[in-house]
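**Student:** To start, I am sharing the structure in question, which I have written as structure tokens.
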Amino acid sequence: MKVPFITKQEVEEIAKTYPTPFHIYDEKGIRENARKLNQAFSWNKGFKEYFAVKANPNPTILKILHEEGCGTDCSSLAELIMSEKCGIVGRDVMFSSNDTPAEEFKKAAEIGATINLDDFTHIDFLNGITGIPKRICCRFNPGGIFKLGESGESVQVMDNPGDAKYGMTEDQILEAYTRLRDLGAEEFGIHSFLASNTVTNEYYPALAGILFKLAVKIKEKTGVSLSFINLSGGVGVAYKPDQTDNDILAIGEGVRKQFEEILVPAGLGEVKIFTELGRFMLAPYGHLVTKAVHEKHIYKEYIGVDACASNLMRPAMYGSYHHITVLGKENEPCDHVYDVTGSLCENNDKFAIDRALPRIDKGDYIVIHDTGAHGFAMGYNYNGRLWSAELLKREDGSIVEIRRAQTIDDYFATLDGFWDITV
């Protein structure tokens with residue numbers, strides 16, 4: 001059973017100042033989760049988490065995670081600038097981008113970020129812009145189909161590696177390290193991302209095994225000893241209440257075993273392990289809070305809420321499941337079946353389809369769970385719907401606004417001079 005970190009009474013009080021819909025985050029949960037991740041990899045002296053900014057690009061969140069020892073994983077100019085403005089620079093920043101504009105490489109170099117090259121051709125491209133830095137990373141794509149376990153079943157993947165646009169082949173990456181060394185690089189890393197939102201303790205150890213074996217081959221064939229290995233993201237969360245959460249301590253132990261079996265005998269026992277988690281770090285610690293404003297009785301039963309897909313795109317875009325709690329009715333029987341919908345002029349603007357829930361009355365407050373990652377971050381203005389506020393529940397229970405709601409004036413602000421035109 002999923003339990004919200006806020007109550008009906010709290011939401012009723014919050015809504016007096018910050019009307020629904022709004023995103024709210026749980027500082028206590030975020031900090032505790034970051035500490036548990038660091039504990040899971042404490043066996044590795046150089047371990048560092050680089051939070052995937054794309055999952056939740058809010059400066060307050062970045063600062064909280066930075067206080068817990070996390071850096072940032074950036075993939076755009078805006079994310080680099082946000083990280084810099086938060087005081088997170090230098091080796092605390094990984095820049096993992098693809099199809100990268102020159103200005104973004106320049107900014108990454110300016111703030112001292114570790115650049116992760118997505119393609120072999122980017123070596124000469126980067127060299128022509130800023131020169132090759134002393135510390136550099138390359139992204140690996142093994143191709144084929146990534147599978148886990150003896151059954152050979154594929155995990156839930158963002159793309160089969162062979163179809164994904166990211167990374168270099170093994171032959172390219174071997175040549176890349178030789179070329180980068182010849183151009184002056186002295187410290188090297190490798191990075192790979194093969195699966196998205198895995199709910200299994202086996203993904204990271206399996207990925208680690210692939211990268212650790214490749215690190216040994218790189219050393220043998222090029223003489224380059226990697227300094228760090230970045231396992232990227234992919235460790236997911238249990239969106240459905242009947243799923244079992246990942247055990248990050250077991251995941252860390254699984255990676256440790258691969259490390260000791262593969263890297264240590266090869267003389268690579270000082271390699272640092274990095275991660276770039278986003279969803280795992282934030283998703284369970286965010287709610288989208290909305291209010292039931294309409295009900296409709298036609299061929300199905302509908303509940304209309306004051307949030308829509310512009311506040312949370314995942315259900316409309318991917319058909320993703322997000323659990324729903326009707327505040328104040330947590331213990332009532334789920335004896336009604338609803339489609340829970342927003343107001344966009346699109347039929348896929350539904351947070352739930354044929355969902356068994358307690359009876360919902362107009363005015364009920366509804367919590368949509370696990371929106372702390374890829375929730376507000378994927379917002380948009382279709383139909384002129386405005387972005388909601390972001391709030392933070394502090395460890396002491398107080399509520400602070402960490403991003404105000406967008407206004408109509410904000411929406412029209414980029415139309416310079418438009419209102420001066422006589423039609």
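Just remember, in the structure tokens the first chain shown is A, the second B, etc., residues are 1-based per chain, and ligands are 1-based in the order shown.
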Please provide as a list in words all residues within 8 Å of Leu77 of chain A, with the sequence filter that same-chain residues fewer than 4 positions apart are discarded (counting only C-alpha atoms).

**Tutor:** Ile81, Glu103, Glu104 and Lys107 of chain A

**Student:** List as JSON, numbers by chain the protein and nucleic acid residues near Cys137 of chain A, meaning an atom at most 7 Å away when only C-alpha atoms are counted, but skip any in the same chain fewer than 4 places from it.

**Tutor:** {"A": [115, 116, 117, 188, 189, 190]}

**Student:** Mind writing the picked residues with N, CA, C and O atoms as a compact mmCIF listing (two decimals), in the first residue's frame?

**Tutor:**
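Done, and the output landed in part-v4.txt:
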# COMPACT_ATOMS: atom_id res chain seq x y z
N ILE A 115 33.39 15.91 -19.10
CA ILE A 115 32.63 15.74 -20.34
C ILE A 115 32.60 14.26 -20.71
O ILE A 115 33.64 13.59 -20.75
N ASN A 116 31.39 13.78 -20.98
CA ASN A 116 31.16 12.40 -21.40
C ASN A 116 30.83 12.41 -22.88
O ASN A 116 29.74 12.85 -23.27
N LEU A 117 31.74 11.96 -23.71
CA LEU A 117 31.56 12.02 -25.16
C LEU A 117 30.65 10.90 -25.65
O LEU A 117 30.88 9.73 -25.36
N PHE A 188 40.72 8.94 -17.43
CA PHE A 188 39.68 8.43 -18.31
C PHE A 188 38.57 7.74 -17.54
O PHE A 188 38.81 7.09 -16.52
N GLY A 189 37.35 7.86 -18.07
CA GLY A 189 36.21 7.14 -17.52
C GLY A 189 35.37 6.54 -18.62
O GLY A 189 35.53 6.87 -19.80
N ILE A 190 34.46 5.67 -18.22
CA ILE A 190 33.52 5.08 -19.18
C ILE A 190 32.13 5.13 -18.56
O ILE A 190 31.95 5.10 -17.34

**Student:** Can you list every residue of segment 238-333 of chain A that has an atom at most 10 Å from segment 385-389 of chain A, with its nearest atom pair and the distance in Å to one decimal, using only C-alpha atoms, ordered by chain then number, as CSV?

**Tutor:**
residue,atom,partner,partner_atom,distance
A:Leu288,CA,A:Ser388,CA,9.6
A:Ala307,CA,A:Ser388,CA,8.7
A:Cys308,CA,A:Arg385,CA,8.4
A:Ala309,CA,A:Arg385,CA,9.5
A:Ser310,CA,A:Arg385,CA,6.8
A:Asn311,CA,A:Trp387,CA,6.6

**Student:** Go ahead and dump the residues you just picked, all heavy atoms, as a short mmCIF file (atom, residue, chain, number, x, y, z; two decimals), in the first residue's frame.

**Tutor:**
data_model
loop_
_atom_site.label_atom_id
_atom_site.label_comp_id
_atom_site.auth_asym_id
_atom_site.auth_seq_id
_atom_site.Cartn_x
_atom_site.Cartn_y
_atom_site.Cartn_z
N LEU A 288 1.87 14.85 -7.06
CA LEU A 288 1.05 15.86 -7.71
C LEU A 288 -0.28 15.88 -6.97
O LEU A 288 -0.98 14.85 -6.93
CB LEU A 288 0.85 15.54 -9.19
CG LEU A 288 -0.14 16.43 -9.95
CD1 LEU A 288 0.27 17.90 -9.89
CD2 LEU A 288 -0.28 15.97 -11.40
N ALA A 307 -5.82 19.19 -12.41
CA ALA A 307 -4.53 18.97 -13.07
C ALA A 307 -4.79 18.34 -14.44
O ALA A 307 -5.89 17.86 -14.72
CB ALA A 307 -3.63 18.07 -12.24
N CYS A 308 -3.77 18.34 -15.29
CA CYS A 308 -3.91 17.71 -16.60
C CYS A 308 -2.54 17.19 -17.02
O CYS A 308 -1.56 17.29 -16.27
CB CYS A 308 -4.47 18.69 -17.63
SG CYS A 308 -3.42 20.13 -17.92
N ALA A 309 -2.47 16.64 -18.23
CA ALA A 309 -1.21 16.04 -18.69
C ALA A 309 -0.07 17.05 -18.76
O ALA A 309 1.10 16.66 -18.73
CB ALA A 309 -1.41 15.39 -20.05
N SER A 310 -0.37 18.34 -18.84
CA SER A 310 0.71 19.33 -18.83
C SER A 310 1.38 19.40 -17.47
O SER A 310 2.50 19.89 -17.36
CB SER A 310 0.19 20.71 -19.24
OG SER A 310 -0.72 21.21 -18.31
N ASN A 311 0.73 18.89 -16.43
CA ASN A 311 1.35 18.80 -15.10
C ASN A 311 2.09 17.48 -14.91
O ASN A 311 3.06 17.42 -14.16
CB ASN A 311 0.29 18.91 -14.00
CG ASN A 311 -0.51 20.18 -14.07
OD1 ASN A 311 -1.70 20.14 -14.42
ND2 ASN A 311 0.10 21.31 -13.77
#

**Student:** Using only C-alpha atoms, which protein or nucleic acid residues come within 6 Å of segment 53-67 of chain A? Drop anything in the same chain fewer than 2 positions from it, and give the result as a list in words.

**Tutor:**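 The neighbour list is Phe51, Gly69, Cys70, Gly71, Asp73, Cys74, Gly278, Ala373, His374 and Ala377 of chain A.
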
**Student:** With a distance cut-off of 6 Å and only C-alpha atoms, select the neighbouring residues of Ile273 of chain A, excluding the residue or stretch itself and same-chain residues fewer than 4 positions from it, and output the selection as a PyMOL selection string.

**Tutor:** chain A and resi 47+228-230

**Student:** Which one of A:Ser343, A:Ile368, A:Pro333, A:Phe274 sits closest to Asn44 of chain A if you count only C-alpha atoms?

**Tutor:**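 Going through A:Ser343, A:Ile368, A:Pro333, A:Phe274 one by one, the smallest distance to Asn44 of chain A is for A:Phe274.
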
**Student:** As a ChimeraX atom specification, which residues of segment 112-341 of chain A does DSSP assign to alpha helix (DSSP H)?

**Tutor:** /A:122-129,170-182,203-222,248-258,279-282,314-318
